[in-house]
2 protein chains.
Amino acid sequence: MALDKEETGERVLAIAEALLNEGGMDNLKARTIAEQAGISVGSVYNLFSDLDGVHRAVNMRLLDRLGGAGAVAMAELARRGITDVRQRLMALAGAYVRFVEAHPGSWPALLAFNRRRPVLTEPDVYEARLDQLFEIIASVLADGGFDLDEDTRRIAARTLWSSVHGIVTSGYAARSDRRQADEISQQIELLVSVFIRGLERGGTFAHAGGITS
Amino acid sequence: MALDKEETGERVLAIAEALLNEGGMDNLKARTIAEQAGISVGSVYNLFSDLDGVHRAVNMRLLDRLGGAGAVAMAELARRGITDVRQRLMALAGAYVRFVEAHPGSWPALLAFNRRRPVLTEPDVYEARLDQLFEIIASVLADGGFDLDEDTRRIAARTLWSSVHGIVTSGYAARSDRRQADEISQQIELLVSVFIRGLERGGTFAHAGGITS
DNA sequence: AGATTGTTTTGAACGCTGTTCACGATATCC
DNA sequence: GGATATCGTGAACAGCGTTCAAAACAATCT
């Protein structure tokens, strides 16, 4: 054909992402991709090893886009000279919420995909890309004037991220539209507010026998 | 056959749960269920409308079990005369962590299942069962002496739950075994500690234009 | 008892899926 | 131009969820 191999690959990925966004994992079918891309089923397997390979590639694009969104949000605040911790954390959370809303099918598919794999043979390239976001959060916390050692700051960053993530994903599994968005906003506001206040009070966080067994 | 209809149904559900636990959603196959239950494929469809119907029924059992675990954990602490908010919240979080560990395949499958459905025709019987847990958390918060109005308490309860949920599910998508459990414990301890301290400082949590758009 | 009706169980069959691979088309080199 | 390697193709295979006519069974009536 006339088209470059890499170019067709990109087109396949765009189609795949659209399919995932519309109908989730179940909607990612080899024959549909082939038909929409104007190639044969076999060619799909020539470009990618599996359908899983296609999905993995889509996921990489998503993670890069997410990381970019976070970085852009921070740059925007820096440009406006805003250094307030609360505002910066809220901006990051907001960026994540908007990202999830912009990828209603493909992002859940990424999460489901990760859970389905035995995580073998991979040094978790996923987590590696997420570390980028943890770094951003940690640096915001570092500027916040809480006196946290680096390790605690790292944990706090991951905790905040996981919490926001939990709020967003739990939120979308429930209720009706408008109600949903409000609930998520309220929960994130409360989380960030309480988190900052809690950190400002200082003190240690290690306790003997934390989780009762 | 000799067996009661309901009894065979139970056996099918037990088999289905085991299959989900071993290999996730992909492992729930009509023919496997039929073979292991000693019935024919058609009979499975006689007992349940769909494979989705089977999965839904398994999920109900899981949610009931989770609610039970939470209630039991609270009852245990009450029996020991423990009323400390921190200890009670940690016990609830610990109960959830142990529940997830005890259901390594079927619980992720429930989460994935919920995300896959258009949530039509259902008044979300799932969320209804989870409300039971939110009630428990809210009542613990009510005993904590923070002065929160009922609505804020409700939001706070859901926020805490979602956060713990996010920590647990994010945690299991990463790293190696031992490291994982430690990380989750640390994050939960930090979350609960910071959350309590933040609530103790009081004040309001509503802010104009929270999430920057 | 046999006949008749209603119920439950069955497994072959259908359409769809991911994946393969021999084959023909196309490009690359000498 | 001819030989060689590369690429694209779609029929074919195994496996999946799901259906449904028929067989097996149960219950009732005469």
# chains A, B, ... in the order shown; residues from 1 in each chain; ligands from 1

call {"tool": "interface_residues", "arguments": {"of": "chain B", "to": "chain A", "cutoff": "6 Å", "atoms": "only C-alpha atoms", "output": "PyMOL selection string"}}
result
chain B and resi 90-91+94+159+162-163+165-167+187+190+194-195+197-198+205+211-212

call {"tool": "interface_residues", "arguments": {"of": "chain A", "to": "chain D", "cutoff": "12 Å", "atoms": "only C-alpha atoms (C1' of nucleotides)", "output": "PyMOL selection string"}}
result
chain A and resi 1+5+31+34+38-47

call {"tool": "write_last_selection", "arguments": {"atoms": "N, CA and C atoms", "output": "compact mmCIF listing (two decimals), in the first residue's frame"}}
result
# COMPACT_ATOMS: atom_id res chain seq x y z
N MET A 1 0.82 -1.22 0.00
CA MET A 1 0.00 0.00 0.00
C MET A 1 0.85 1.26 0.00
N LYS A 5 4.34 2.21 7.21
CA LYS A 5 3.95 1.20 8.19
C LYS A 5 3.62 1.83 9.54
N ARG A 31 -11.51 -7.67 13.85
CA ARG A 31 -12.19 -7.46 12.56
C ARG A 31 -12.70 -6.03 12.41
N ALA A 34 -9.70 -3.82 11.63
CA ALA A 34 -9.27 -4.05 10.24
C ALA A 34 -10.19 -3.33 9.26
N GLY A 38 -9.22 -0.12 6.95
CA GLY A 38 -9.08 -0.47 5.55
C GLY A 38 -7.97 -1.47 5.27
N ILE A 39 -7.69 -2.31 6.24
CA ILE A 39 -6.69 -3.36 6.05
C ILE A 39 -7.32 -4.71 6.41
N SER A 40 -6.58 -5.77 6.29
CA SER A 40 -7.13 -7.09 6.61
C SER A 40 -6.81 -7.46 8.05
N VAL A 41 -7.54 -8.46 8.56
CA VAL A 41 -7.31 -8.90 9.94
C VAL A 41 -5.86 -9.28 10.15
N GLY A 42 -5.31 -9.99 9.17
CA GLY A 42 -3.93 -10.45 9.30
C GLY A 42 -2.96 -9.30 9.48
N SER A 43 -3.23 -8.20 8.80
CA SER A 43 -2.32 -7.05 8.88
C SER A 43 -2.27 -6.46 10.28
N VAL A 44 -3.39 -6.55 10.97
CA VAL A 44 -3.41 -6.06 12.35
C VAL A 44 -2.40 -6.85 13.16
N TYR A 45 -2.38 -8.17 12.91
CA TYR A 45 -1.45 -9.03 13.64
C TYR A 45 -0.03 -8.89 13.13
N ASN A 46 0.09 -8.27 11.98
CA ASN A 46 1.42 -7.98 11.46
C ASN A 46 2.00 -6.75 12.15
N LEU A 47 1.15 -5.81 12.48
CA LEU A 47 1.59 -4.58 13.13
C LEU A 47 1.78 -4.77 14.63

call {"tool": "closest_atom_pairs", "arguments": {"of": "chain C", "to": "chain A", "cutoff": "10 Å", "atoms": "only C-alpha atoms (C1' of nucleotides)", "output": "CSV"}}
result
residue,atom,partner,partner_atom,distance
C:DT17,C1',A:Lys29,CA,8.0
C:DG18,C1',A:Ala30,CA,7.5
C:DT19,C1',A:Tyr45,CA,8.5
C:DT20,C1',A:Gly42,CA,8.9
C:DC21,C1',A:Gly42,CA,9.7
C:DT26,C1',A:Met1,CA,8.9

call {"tool": "atom_distance", "arguments": {"atom1": "CA of Ser49 (chain A)", "atom2": "CA of Arg11 (chain A)"}}
result
16.3 Å

call {"tool": "atom_distance", "arguments": {"atom1": "CA of Leu141 (chain A)", "atom2": "CA of Arg154 (chain A)"}}
result
9.2 Å

call {"tool": "select_by_dssp", "arguments": {"residues": "region 11-185 of chain B", "states": "helix (DSSP H, G or I)", "output": "number ranges by chain"}}
result
B: 11-23, 25-27, 30-37, 41-47, 51-79, 85-102, 106-116, 125-142, 150-171, 177-185

call {"tool": "atom_distance", "arguments": {"atom1": "CA of Leu130 (chain A)", "atom2": "CA of Gly67 (chain A)"}}
result
7.4 Å
